[in-house]
$ cat run.csv   # CSV, C-alpha atoms
chain,number,residue,atom,x,y,z
W,593,MET,CA,4.4,-18.1,-6.0
W,594,LYS,CA,0.8,-19.4,-6.4
W,595,LEU,CA,-0.6,-20.2,-9.8
W,596,LEU,CA,-3.2,-17.5,-9.2
W,597,THR,CA,-0.5,-14.9,-9.0
W,598,HIS,CA,1.3,-16.4,-12.1
W,599,ASN,CA,-2.0,-16.2,-14.0
W,600,LEU,CA,-2.3,-12.5,-13.3
W,601,LEU,CA,1.4,-11.5,-13.6
W,602,SER,CA,2.5,-9.5,-16.7
W,603,SER,CA,5.8,-8.3,-18.1
W,604,HIS,CA,6.3,-4.6,-17.7
W,605,VAL,CA,9.3,-4.4,-20.0
W,606,ARG,CA,9.3,-1.2,-22.0
W,607,GLY,CA,7.2,-1.4,-25.2
W,608,VAL,CA,5.4,-4.8,-24.6
W,609,GLY,CA,2.2,-3.3,-23.2
W,610,PRO,CA,-0.7,-5.8,-23.3
W,611,ARG,CA,1.5,-8.4,-25.1
W,612,GLY,CA,3.5,-8.9,-22.0
W,613,PHE,CA,0.9,-11.4,-20.7
W,614,PRO,CA,0.7,-14.3,-20.0
W,615,LEU,CA,4.2,-15.1,-18.8
W,616,ARG,CA,5.4,-18.6,-19.7
W,617,LEU,CA,6.1,-20.5,-16.6
W,618,GLN,CA,8.9,-23.1,-16.3
W,619,ALA,CA,8.9,-24.6,-12.8
W,620,THR,CA,11.8,-26.7,-11.6
W,621,GLU,CA,10.6,-27.0,-8.0
W,622,VAL,CA,7.0,-27.0,-6.8
W,623,ARG,CA,5.4,-27.7,-3.5
W,624,ILE,CA,1.9,-28.2,-2.4
W,625,ASN,CA,0.7,-25.9,0.4
W,626,PRO,CA,-2.6,-26.6,2.1
W,627,VAL,CA,-4.7,-23.5,2.2
W,628,GLU,CA,-8.1,-23.1,3.8
W,629,PHE,CA,-10.9,-23.5,1.2
W,630,ASN,CA,-13.0,-20.4,0.7
W,631,PRO,CA,-15.6,-21.0,-2.0
W,632,ASP,CA,-16.6,-17.3,-2.2
W,633,PHE,CA,-13.1,-16.2,-3.0
W,634,VAL,CA,-12.5,-18.9,-5.5
W,635,ALA,CA,-15.8,-18.2,-7.3
W,636,ARG,CA,-14.9,-14.5,-7.5
W,637,MET,CA,-11.5,-15.2,-9.0
W,638,ILE,CA,-12.8,-17.5,-11.8
W,639,PRO,CA,-13.8,-14.6,-14.2
W,640,LYS,CA,-10.2,-13.2,-13.8
W,641,VAL,CA,-8.5,-16.5,-14.8
W,642,GLU,CA,-6.8,-16.7,-18.2
W,643,TRP,CA,-7.6,-20.4,-18.9
W,644,ALA,CA,-5.0,-21.0,-21.6
W,645,ALA,CA,-2.2,-19.8,-19.3
W,646,LEU,CA,-3.6,-21.9,-16.4
W,647,LEU,CA,-3.9,-25.0,-18.6
W,648,GLU,CA,-0.3,-24.6,-19.7
W,649,ALA,CA,1.0,-24.0,-16.2
W,650,ALA,CA,-0.8,-26.8,-14.4
W,651,ASP,CA,-1.5,-30.5,-15.0
W,652,THR,CA,-4.9,-31.4,-13.7
W,653,VAL,CA,-7.1,-28.4,-14.3
W,654,PRO,CA,-10.7,-28.2,-15.5
W,655,LYS,CA,-10.8,-27.2,-19.1
W,656,GLY,CA,-12.8,-24.1,-18.4
W,657,PRO,CA,-15.5,-22.6,-16.1
W,658,ILE,CA,-18.6,-24.8,-16.1
W,659,GLU,CA,-22.2,-23.7,-16.0
W,660,GLY,CA,-23.2,-22.7,-12.5
W,661,TYR,CA,-19.6,-23.0,-11.2
W,662,GLU,CA,-20.4,-20.6,-8.3
W,663,HIS,CA,-22.3,-23.3,-6.6
W,664,ASP,CA,-20.4,-26.3,-7.8
W,665,GLU,CA,-18.2,-27.3,-4.8
W,666,LYS,CA,-16.3,-30.0,-6.6
W,667,PHE,CA,-15.3,-27.6,-9.3
W,668,LEU,CA,-14.4,-24.8,-6.9
W,669,ARG,CA,-12.3,-27.2,-4.8
W,670,GLN,CA,-10.4,-28.3,-7.9
W,671,MET,CA,-9.8,-24.6,-8.8
W,672,HIS,CA,-8.9,-23.8,-5.2
W,673,HIS,CA,-6.2,-26.5,-5.2
W,674,VAL,CA,-4.7,-25.4,-8.6
W,675,LEU,CA,-4.8,-21.6,-8.0
W,676,LEU,CA,-3.9,-21.4,-4.3
W,677,GLU,CA,-2.2,-24.6,-3.2
W,678,VAL,CA,0.4,-25.2,-5.9
W,679,ASP,CA,3.4,-23.1,-4.9
W,680,VAL,CA,6.2,-22.6,-7.4
W,681,LEU,CA,9.5,-22.4,-5.5
W,682,GLU,CA,12.1,-22.3,-8.3
W,683,GLY,CA,11.8,-21.6,-12.0
W,684,THR,CA,11.5,-18.9,-14.6
W,685,LEU,CA,8.8,-16.7,-16.1
W,686,GLN,CA,9.3,-15.6,-19.7
W,687,CYS,CA,7.8,-12.5,-21.3
W,688,PRO,CA,6.0,-13.7,-24.4
W,689,GLU,CA,6.9,-10.5,-26.3
W,690,SER,CA,10.5,-9.7,-25.4
W,691,GLY,CA,11.6,-13.1,-24.3
W,692,ARG,CA,13.0,-11.7,-21.1
W,693,LEU,CA,13.3,-14.2,-18.3
W,694,PHE,CA,12.3,-13.4,-14.7
W,695,PRO,CA,13.8,-15.9,-12.3
W,696,ILE,CA,11.9,-17.3,-9.4
W,697,SER,CA,13.9,-18.1,-6.3
W,698,ARG,CA,12.5,-19.4,-2.9
W,699,GLY,CA,9.0,-18.8,-4.3
W,700,ILE,CA,9.8,-15.1,-5.1
W,701,PRO,CA,9.8,-13.9,-8.7
W,702,ASN,CA,12.4,-11.2,-9.3
W,703,MET,CA,10.7,-8.6,-11.4
W,704,LEU,CA,13.4,-5.9,-11.2
W,705,LEU,CA,14.0,-4.3,-14.6
W,706,SER,CA,17.2,-2.7,-15.8
W,707,ASP,CA,17.2,1.0,-16.7
W,708,GLU,CA,17.0,0.2,-20.5
W,709,GLU,CA,13.9,-2.0,-19.9
W,710,THR,CA,12.0,0.5,-17.9
W,711,GLU,CA,9.0,2.2,-19.4
W,712,THR,CA,9.8,5.9,-19.1
V,781,MET,CA,7.0,7.7,13.9
V,782,ALA,CA,8.6,11.1,14.1
V,783,PHE,CA,12.0,11.3,12.5
V,784,ARG,CA,14.4,12.9,14.9
V,785,GLY,CA,17.5,12.6,12.7
V,786,LYS,CA,18.1,12.3,9.0
V,787,ARG,CA,15.3,10.9,6.9
V,788,PRO,CA,16.2,7.4,5.7
V,789,GLU,CA,15.5,8.4,2.0
V,790,HIS,CA,18.4,10.9,2.1
V,791,GLY,CA,20.9,8.3,2.9
V,792,GLY,CA,20.5,6.1,-0.2
V,793,PRO,CA,18.2,3.7,-1.9
V,794,PRO,CA,15.7,1.6,0.1
V,795,GLU,CA,17.2,-1.8,-0.9
V,796,LEU,CA,20.4,-0.7,1.0
V,797,PHE,CA,18.7,1.0,3.9
V,798,TYR,CA,16.5,-2.1,4.5
V,799,ASP,CA,19.4,-4.4,5.1
V,800,LYS,CA,19.5,-7.4,7.4
V,801,ASN,CA,19.9,-5.2,10.5
V,802,GLU,CA,17.0,-3.0,9.7
V,803,ALA,CA,14.9,-6.1,8.7
V,804,ARG,CA,15.6,-7.6,12.1
V,805,LYS,CA,13.9,-4.7,13.8
V,806,TYR,CA,10.7,-5.5,11.9
V,807,VAL,CA,10.8,-9.0,13.3
V,808,ARG,CA,12.0,-8.3,16.8
V,809,ASN,CA,11.1,-4.8,17.9
V,810,SER,CA,7.7,-4.9,19.4
V,811,ARG,CA,7.1,-1.2,19.3
V,812,MET,CA,7.9,-1.2,15.6
V,813,ILE,CA,5.6,-4.1,15.0
V,814,ASP,CA,2.8,-2.5,16.9
V,815,VAL,CA,3.0,0.8,15.0
V,816,GLN,CA,3.1,-1.0,11.6
V,817,THR,CA,0.3,-3.3,12.5
V,818,LYS,CA,-1.9,-0.4,13.7
V,819,MET,CA,-1.3,1.5,10.5
V,820,ALA,CA,-2.1,-1.6,8.5
V,821,GLY,CA,-5.4,-1.9,10.4
V,822,ARG,CA,-6.2,1.8,9.7
V,823,ALA,CA,-5.4,1.5,6.0
V,824,LEU,CA,-7.6,-1.6,5.7
V,825,GLU,CA,-10.4,0.3,7.5
V,826,LEU,CA,-10.0,3.2,5.1
V,827,LEU,CA,-10.2,0.8,2.1
V,828,TYR,CA,-13.8,0.2,2.9
V,829,LEU,CA,-14.0,-3.2,1.4
V,830,PRO,CA,-17.4,-4.9,1.1
V,831,GLU,CA,-18.1,-6.6,4.5
V,832,GLY,CA,-17.5,-10.3,4.8
V,833,GLN,CA,-16.0,-10.6,1.3
V,834,PRO,CA,-12.5,-12.1,0.9
V,835,CYS,CA,-10.6,-9.9,-1.5
V,836,TYR,CA,-7.4,-10.1,-3.6
V,837,LEU,CA,-5.2,-7.2,-2.5
V,838,LEU,CA,-1.9,-5.6,-3.4
V,839,ASP,CA,0.6,-4.6,-0.7
V,840,ILE,CA,3.1,-2.1,-1.9
V,841,GLY,CA,6.4,-2.1,0.0
V,842,CYS,CA,5.2,-5.2,1.9
V,843,GLY,CA,8.6,-5.6,3.6
V,844,SER,CA,8.6,-8.3,6.2
V,845,GLY,CA,4.9,-9.0,5.8
V,846,LEU,CA,3.6,-7.3,8.9
V,847,SER,CA,0.8,-5.5,7.0
V,848,GLY,CA,0.2,-8.6,4.9
V,849,ASP,CA,-0.3,-10.7,8.0
V,850,TYR,CA,-3.0,-8.3,9.1
V,851,LEU,CA,-4.7,-8.7,5.7
V,852,SER,CA,-4.5,-12.5,6.0
V,853,ASP,CA,-6.0,-12.3,9.5
V,854,GLU,CA,-8.9,-10.4,8.1
V,855,GLY,CA,-9.5,-13.2,5.5
V,856,HIS,CA,-8.0,-11.6,2.5
V,857,TYR,CA,-5.5,-12.9,-0.1
V,858,TRP,CA,-2.6,-10.7,-1.1
V,859,VAL,CA,0.4,-10.2,-3.2
V,860,GLY,CA,3.3,-8.0,-1.8
V,861,ILE,CA,6.0,-6.2,-3.7
V,862,ASP,CA,9.2,-5.0,-2.1
V,863,ILE,CA,12.6,-3.9,-3.3
V,864,SER,CA,14.6,-5.1,-0.4
V,865,PRO,CA,15.8,-8.8,-0.5
V,866,ALA,CA,16.6,-8.6,3.2
V,867,MET,CA,13.0,-7.6,4.1
V,868,LEU,CA,11.6,-10.3,1.8
V,869,ASP,CA,13.9,-12.8,3.5
V,870,ALA,CA,12.4,-11.8,6.8
V,871,ALA,CA,8.9,-12.3,5.3
V,872,LEU,CA,9.9,-15.8,4.2
V,873,ASP,CA,11.1,-16.6,7.7
V,874,ARG,CA,7.9,-15.4,9.1
V,875,ASP,CA,6.0,-17.7,6.7
V,876,THR,CA,3.6,-15.1,5.3
V,877,GLU,CA,0.5,-16.4,3.5
V,878,GLY,CA,0.6,-13.8,0.7
V,879,ASP,CA,2.8,-14.1,-2.4
V,880,LEU,CA,5.9,-12.0,-2.5
V,881,LEU,CA,7.6,-10.3,-5.4
V,882,LEU,CA,11.0,-8.6,-5.6
V,883,GLY,CA,10.3,-5.4,-7.6
V,884,ASP,CA,10.6,-1.7,-7.8
V,885,MET,CA,7.3,0.1,-7.6
V,886,GLY,CA,8.7,3.0,-9.6
V,887,GLN,CA,9.0,0.7,-12.6
V,888,GLY,CA,5.3,-0.1,-12.5
V,889,ILE,CA,3.2,-2.9,-11.1
V,890,PRO,CA,3.6,-6.0,-13.3
V,891,PHE,CA,0.1,-7.3,-13.4
V,892,LYS,CA,-2.8,-7.6,-15.8
V,893,PRO,CA,-5.4,-4.8,-15.8
V,894,GLY,CA,-8.2,-5.3,-13.2
V,895,SER,CA,-6.3,-7.8,-11.1
V,896,PHE,CA,-6.8,-6.4,-7.6
V,897,ASP,CA,-9.8,-5.5,-5.5
V,898,GLY,CA,-7.7,-3.0,-3.5
V,899,CYS,CA,-4.3,-1.8,-2.5
V,900,VAL,CA,-2.6,-0.9,0.7
V,901,SER,CA,0.9,0.5,1.4
V,902,ILE,CA,2.5,1.2,4.7
V,903,SER,CA,5.4,3.7,5.0
V,904,ALA,CA,6.7,3.1,1.5
V,905,ILE,CA,5.8,5.6,-1.3
V,906,GLN,CA,7.8,8.5,0.0
V,907,TRP,CA,10.8,6.6,-1.2
V,908,LEU,CA,9.7,7.4,-4.8
V,909,CYS,CA,10.4,11.1,-4.1
V,910,ASN,CA,14.2,10.8,-3.9
V,911,ALA,CA,16.3,10.1,-6.9
V,912,ASN,CA,18.8,7.4,-6.0
V,913,LYS,CA,20.4,6.9,-9.5
V,914,LYS,CA,21.3,9.7,-11.8
V,915,SER,CA,18.7,8.4,-14.2
V,916,ASP,CA,15.9,8.6,-11.7
V,917,ILE,CA,13.3,11.3,-12.2
V,918,PRO,CA,10.9,11.2,-9.2
V,919,ALA,CA,7.9,12.7,-11.0
V,920,LYS,CA,8.3,10.1,-13.8
V,921,ARG,CA,8.7,7.2,-11.4
V,922,LEU,CA,5.7,8.4,-9.4
V,923,TYR,CA,3.6,8.6,-12.6
V,924,CYS,CA,4.7,5.2,-13.7
V,925,PHE,CA,3.8,3.8,-10.3
V,926,PHE,CA,0.4,5.5,-10.1
V,927,SER,CA,-0.7,4.9,-13.7
V,928,SER,CA,0.2,1.2,-13.5
V,929,LEU,CA,-1.5,1.0,-10.1
V,930,TYR,CA,-4.6,2.5,-11.6
V,931,SER,CA,-4.6,-0.1,-14.3
V,932,VAL,CA,-4.1,-3.1,-12.1
V,933,LEU,CA,-7.0,-2.2,-9.8
V,934,VAL,CA,-10.5,-3.4,-10.6
V,935,ARG,CA,-12.6,-0.4,-11.8
V,936,GLY,CA,-13.9,1.4,-8.7
V,937,ALA,CA,-11.4,-0.1,-6.3
V,938,ARG,CA,-9.4,2.0,-3.8
V,939,ALA,CA,-5.8,2.3,-2.8
V,940,VAL,CA,-4.8,3.5,0.7
V,941,LEU,CA,-1.2,4.5,1.0
V,942,GLN,CA,0.2,5.5,4.4
V,943,LEU,CA,3.3,7.7,3.9
V,944,TYR,CA,5.7,10.0,5.7
V,945,PRO,CA,5.8,13.1,3.4
V,946,GLU,CA,8.9,15.2,4.1
V,947,ASN,CA,7.1,18.5,3.3
V,948,SER,CA,4.2,19.9,1.5
V,949,GLU,CA,6.0,20.1,-1.8
V,950,GLN,CA,6.6,16.4,-1.7
V,951,LEU,CA,3.0,15.7,-0.9
V,952,GLU,CA,2.0,17.9,-3.8
V,953,LEU,CA,4.3,16.1,-6.1
V,954,ILE,CA,2.8,12.8,-5.1
V,955,THR,CA,-0.8,13.9,-5.4
V,956,THR,CA,-0.2,15.6,-8.8
V,957,GLN,CA,1.1,12.4,-10.3
V,958,ALA,CA,-1.7,10.4,-8.7
V,959,THR,CA,-4.3,12.8,-10.3
V,960,LYS,CA,-2.5,12.7,-13.6
V,961,ALA,CA,-2.8,8.9,-13.5
V,962,GLY,CA,-6.6,9.2,-13.2
V,963,PHE,CA,-7.2,8.8,-9.5
V,964,THR,CA,-9.5,11.0,-7.4
V,965,GLY,CA,-9.3,11.1,-3.6
V,966,GLY,CA,-7.5,13.0,-1.0
V,967,VAL,CA,-5.3,12.9,2.0
V,968,VAL,CA,-6.6,11.9,5.4
V,969,VAL,CA,-4.5,13.1,8.3
V,970,ASP,CA,-5.1,11.3,11.6
V,971,PHE,CA,-4.2,13.1,14.8
V,972,PRO,CA,-3.1,16.3,13.1
V,973,ASN,CA,-2.2,18.1,16.3
V,974,SER,CA,0.2,15.5,17.5
V,975,ALA,CA,3.8,15.5,16.2
V,976,LYS,CA,4.3,11.9,17.2
V,977,ALA,CA,0.9,10.4,16.3
V,978,LYS,CA,0.2,12.3,13.1
V,979,LYS,CA,-0.3,10.0,10.2
V,980,PHE,CA,-0.9,10.6,6.5
V,981,TYR,CA,-3.0,8.3,4.4
V,982,LEU,CA,-3.3,9.0,0.7
V,983,CYS,CA,-6.8,7.6,-0.2
V,984,LEU,CA,-7.2,7.0,-3.9
V,985,PHE,CA,-10.3,6.0,-5.9
V,986,SER,CA,-10.1,4.5,-9.3
V,987,GLY,CA,-13.7,5.1,-10.1
V,988,PRO,CA,-16.2,7.9,-9.7
V,989,SER,CA,-15.4,10.0,-6.6
V,990,THR,CA,-17.2,9.0,-3.4
V,991,PHE,CA,-17.0,10.3,0.2
V,992,LEU,CA,-13.7,10.7,2.1
V,993,PRO,CA,-13.4,8.9,5.3
V,994,LYS,CA,-13.3,10.9,8.5
V,995,PRO,CA,-9.8,11.3,10.0
V,996,LEU,CA,-9.1,10.4,13.6
V,997,ASN,CA,-8.3,13.2,16.0
V,998,GLU,CA,-7.4,13.3,19.7
V,999,SER,CA,-10.8,13.7,21.2
V,1000,ASN,CA,-12.6,11.9,18.4
V,1001,ASP,CA,-15.2,14.5,19.1
V,1002,ASP,CA,-17.9,14.9,16.5
V,1003,ASP,CA,-18.0,18.6,17.4
V,1004,GLU,CA,-14.6,19.1,16.0
V,1005,GLU,CA,-15.3,19.5,12.4
V,1006,VAL,CA,-12.3,18.2,10.6
V,1007,GLN,CA,-12.1,19.5,7.1
V,1008,GLU,CA,-12.0,17.0,4.4
V,1009,SER,CA,-11.3,17.6,0.8
V,1010,GLU,CA,-11.3,15.7,-2.4
V,1011,PHE,CA,-9.0,16.2,-5.3
V,1012,THR,CA,-10.2,15.8,-8.8
V,1013,ARG,CA,-8.9,17.0,-12.2
V,1014,GLU,CA,-11.4,19.9,-12.3
V,1015,SER,CA,-11.1,21.1,-8.7
V,1016,GLU,CA,-8.8,23.4,-6.9
V,1017,TRP,CA,-5.5,22.5,-5.5
V,1018,HIS,CA,-3.9,23.8,-2.3
V,1019,ALA,CA,-0.6,22.9,-0.7
V,1020,LEU,CA,-0.5,21.6,2.9
V,1021,PRO,CA,-0.6,24.4,5.5
V,1022,PRO,CA,3.0,25.6,6.2
V,1023,GLN,CA,5.0,24.1,9.0
V,1024,ARG,CA,4.9,26.1,12.2
V,1025,GLY,CA,7.7,28.5,12.3
V,1026,SER,CA,8.2,28.5,8.6
V,1027,THR,CA,8.3,31.8,6.8
V,1028,ARG,CA,7.0,30.4,3.6
V,1029,GLY,CA,3.4,31.3,2.7
V,1030,SER,CA,0.9,28.8,1.4
V,1031,ALA,CA,0.6,30.1,-2.1
V,1032,PRO,CA,-1.3,27.7,-4.3
V,1033,SER,CA,0.4,26.5,-7.5
V,1034,THR,CA,-0.7,28.2,-10.6
V,1035,HIS,CA,-2.4,25.6,-12.8
V,1036,GLY,CA,-4.9,22.8,-12.4
V,1037,THR,CA,-5.5,23.3,-8.7
V,1038,VAL,CA,-6.8,20.6,-6.5
V,1039,PRO,CA,-7.8,20.8,-2.9
V,1040,LEU,CA,-5.8,18.8,-0.7
V,1041,VAL,CA,-6.6,18.2,2.8
V,1042,LEU,CA,-7.7,19.0,5.5
V,1043,THR,CA,-6.0,19.2,8.8
V,1044,LEU,CA,-7.2,20.9,12.0
V,1045,VAL,CA,-5.0,23.9,12.1
V,1046,SER,CA,-3.8,24.2,15.7
V,1047,THR,CA,-1.0,26.1,17.4
V,1048,ASP,CA,-0.9,23.6,20.1
V,1049,ASP,CA,1.7,20.9,19.7
V,1050,THR,CA,0.9,18.5,22.5
V,1051,ARG,CA,2.2,15.0,22.8
$ encode --input "run.csv" --output "structure tokens"
Amino acid sequence: MKLLTHNLLSSHVRGVGPRGFPLRLQATEVRINPVEFNPDFVARMIPKVEWAALLEAADTVPKGPIEGYEHDEKFLRQMHHVLLEVDVLEGTLQCPESGRLFPISRGIPNMLLSDEETET
Amino acid sequence: MAFRGKRPEHGGPPELFYDKNEARKYVRNSRMIDVQTKMAGRALELLYLPEGQPCYLLDIGCGSGLSGDYLSDEGHYWVGIDISPAMLDAALDRDTEGDLLLGDMGQGIPFKPGSFDGCVSISAIQWLCNANKKSDIPAKRLYCFFSSLYSVLVRGARAVLQLYPENSEQLELITTQATKAGFTGGVVVDFPNSAKAKKFYLCLFSGPSTFLPKPLNESNDDDEEVQESEFTRESEWHALPPQRGSTRGSAPSTHGTVPLVLTLVSTDDTR
């Protein structure tokens, strides 16, 4: 699971609504996956990033978007690395509202809810 | 693919149908791979993404990652959701570039609002129409799916969902819930005259309604005017034309009608 995905994931447990985000990440196994750098894509994702969640999830991250980031290759490459090349293989994601844990195994978060947890 | 025998959805839930054996077909069977890849290509075409722009897409029922690979080849980044661990295992073996999630689309899409630039789905959403547990109510699961999909799409983004509707009632059930969730759009039917090649694509827009793409037909002749319809909350609603040989009439439902499709009505069932 890339950190970009983690940054956008939300808990859909019944009743949490907008408080189901961001999920707290506890990673026990991580690997770095080289991914081709595409500055356009990274620049377009910057406005969607929840910085507090990213800062908590990753070590070396710029503190926030800088002025003129769209053309700042150094900044974009840093963000590219953090968002797309850090791959969480094992760990958990925790819903901030309900405390519910979603396990991550082989890079795949298990987001299946029980009947009681389903929003219907 | 025309179903000659029992529809898979009648035999049980998708996570059991798509076991290791079934998953293997998606990795080994070249005809299967070819059909799925072609549909992924068509769905991406119908998505009408801005040219040359790499997008962040959602793949519903991503399975072994065949459609996802197509998205990656076109320069997009994607997240796939699937309910079958065996299919996701196959995707891992195939080393797909997109992220994978184990999840049930009928429980909602677990993402922040405005996360995705678009969504595709190949051969998956008809599974929402069958109740596999006593507690399942298809209409509720469909609504939960569509309303959360609407939310996770960027405003104005599209979703193109290729599906195999069992009958017109099922298609109506699906489009009703999509409309309730706020989507406009319609169903594009490619090759409507061919039992084998006929394909349904539910094209949904999460913003103001725009044009509907032109369906493919056998001759791809511009003279053959294929009817296209949009469905909106205010418009009229009609069920699909009845199956050939069926005695049932095509009476429209009573309230909130919305026009659905469009297929070339033909008595010729070639190919």
$ closest_residue --input "run.csv" --among "V:Pro793, V:Gly860, V:Pro995, V:Gly832" --to "Pro890 (chain V)" --atoms "all atoms listed in the file"
V:Gly860
$ closest_atom_pairs --input "run.csv" --of "chain W" --to "chain V" --cutoff "9 Å" --atoms "all atoms listed in the file" --output "Markdown table"
| residue | atom | partner | partner_atom | distance |
| --- | --- | --- | --- | --- |
| W:Met593 | CA | V:Asp879 | CA | 5.6 |
| W:Lys594 | CA | V:Asp879 | CA | 6.9 |
| W:Thr597 | CA | V:Asp879 | CA | 7.4 |
| W:Asn599 | CA | V:Lys892 | CA | 8.8 |
| W:Leu600 | CA | V:Lys892 | CA | 5.5 |
| W:Leu601 | CA | V:Phe891 | CA | 4.4 |
| W:Ser602 | CA | V:Phe891 | CA | 4.6 |
| W:Ser603 | CA | V:Pro890 | CA | 5.8 |
| W:His604 | CA | V:Pro890 | CA | 5.3 |
| W:Val605 | CA | V:Pro890 | CA | 8.9 |
| W:Pro610 | CA | V:Lys892 | CA | 8.0 |
| W:Gly612 | CA | V:Lys892 | CA | 8.9 |
| W:Phe613 | CA | V:Lys892 | CA | 7.2 |
| W:Pro614 | CA | V:Lys892 | CA | 8.6 |
| W:Val627 | CA | V:Glu877 | CA | 8.9 |
| W:Asn630 | CA | V:Pro834 | CA | 8.3 |
| W:Asp632 | CA | V:Pro834 | CA | 7.3 |
| W:Phe633 | CA | V:Pro834 | CA | 5.7 |
| W:Arg636 | CA | V:Cys835 | CA | 8.7 |
| W:Met637 | CA | V:Tyr836 | CA | 8.5 |
| W:Lys640 | CA | V:Ser895 | CA | 7.2 |
| W:Arg698 | CA | V:Leu872 | CA | 8.4 |
| W:Gly699 | CA | V:Leu880 | CA | 7.7 |
| W:Ile700 | CA | V:Leu881 | CA | 5.3 |
| W:Pro701 | CA | V:Leu881 | CA | 5.4 |
| W:Asn702 | CA | V:Leu882 | CA | 4.7 |
| W:Met703 | CA | V:Gly883 | CA | 5.0 |
| W:Leu704 | CA | V:Gly883 | CA | 4.8 |
| W:Leu705 | CA | V:Gln887 | CA | 7.3 |
| W:Asp707 | CA | V:Ser915 | CA | 8.0 |
| W:Thr710 | CA | V:Gln887 | CA | 6.1 |
| W:Glu711 | CA | V:Gln887 | CA | 7.0 |
| W:Thr712 | CA | V:Lys920 | CA | 6.9 |
$ axis_aligned_box --input "run.csv" --around "region 638-645 of chain W" --padding-each-side "5 Å" --output "JSON"
{"center_x": -8.0, "center_y": -17.1, "center_z": -16.7, "size_x": 21.6, "size_y": 17.8, "size_z": 19.8}
$ atom_distance --input "run.csv" --atom1 "CA of Arg935 (chain V)" --atom2 "CA of Tyr828 (chain V)"
14.8 Å
$ closest_residue --input "run.csv" --among "V:Arg804, V:Asp897, V:Ala939, V:Arg811" --to "Asp873 (chain V)" --atoms "all atoms listed in the file"
V:Arg804
$ atom_distance --input "run.csv" --atom1 "CA of Leu982 (chain V)" --atom2 "CA of Leu929 (chain V)"
13.6 Å
$ decode --input "run.csv" --residues "region 921-931 of chain V" --atoms "N, CA, C and O atoms" --output "short mmCIF file (atom, residue, chain, number, x, y, z; two decimals), in the first residue's frame"
data_model
loop_
_atom_site.label_atom_id
_atom_site.label_comp_id
_atom_site.auth_asym_id
_atom_site.auth_seq_id
_atom_site.Cartn_x
_atom_site.Cartn_y
_atom_site.Cartn_z
N ARG V 921 -27.53 -2.21 -0.81
CA ARG V 921 -26.11 -2.36 -1.10
C ARG V 921 -25.73 -1.56 -2.34
O ARG V 921 -24.68 -0.91 -2.40
N LEU V 922 -26.63 -1.58 -3.34
CA LEU V 922 -26.39 -0.79 -4.54
C LEU V 922 -26.35 0.69 -4.21
O LEU V 922 -25.47 1.42 -4.68
N TYR V 923 -27.27 1.15 -3.39
CA TYR V 923 -27.31 2.56 -3.02
C TYR V 923 -26.06 2.93 -2.22
O TYR V 923 -25.46 3.98 -2.44
N CYS V 924 -25.68 2.08 -1.31
CA CYS V 924 -24.48 2.33 -0.51
C CYS V 924 -23.27 2.44 -1.43
O CYS V 924 -22.43 3.34 -1.29
N PHE V 925 -23.18 1.53 -2.40
CA PHE V 925 -22.08 1.56 -3.35
C PHE V 925 -22.08 2.86 -4.16
O PHE V 925 -21.08 3.58 -4.22
N PHE V 926 -23.23 3.17 -4.78
CA PHE V 926 -23.28 4.34 -5.65
C PHE V 926 -23.12 5.65 -4.89
O PHE V 926 -22.47 6.58 -5.39
N SER V 927 -23.70 5.75 -3.71
CA SER V 927 -23.58 7.02 -3.00
C SER V 927 -22.14 7.24 -2.52
O SER V 927 -21.63 8.36 -2.57
N SER V 928 -21.48 6.18 -2.10
CA SER V 928 -20.08 6.37 -1.68
C SER V 928 -19.20 6.60 -2.91
O SER V 928 -18.25 7.39 -2.85
N LEU V 929 -19.52 5.96 -4.03
CA LEU V 929 -18.75 6.18 -5.26
C LEU V 929 -18.87 7.65 -5.68
O LEU V 929 -17.88 8.30 -6.03
N TYR V 930 -20.08 8.16 -5.61
CA TYR V 930 -20.33 9.57 -5.96
C TYR V 930 -19.45 10.48 -5.12
O TYR V 930 -18.85 11.43 -5.60
N SER V 931 -19.38 10.17 -3.84
CA SER V 931 -18.61 10.98 -2.92
C SER V 931 -17.10 10.93 -3.19
O SER V 931 -16.42 11.96 -3.14
#
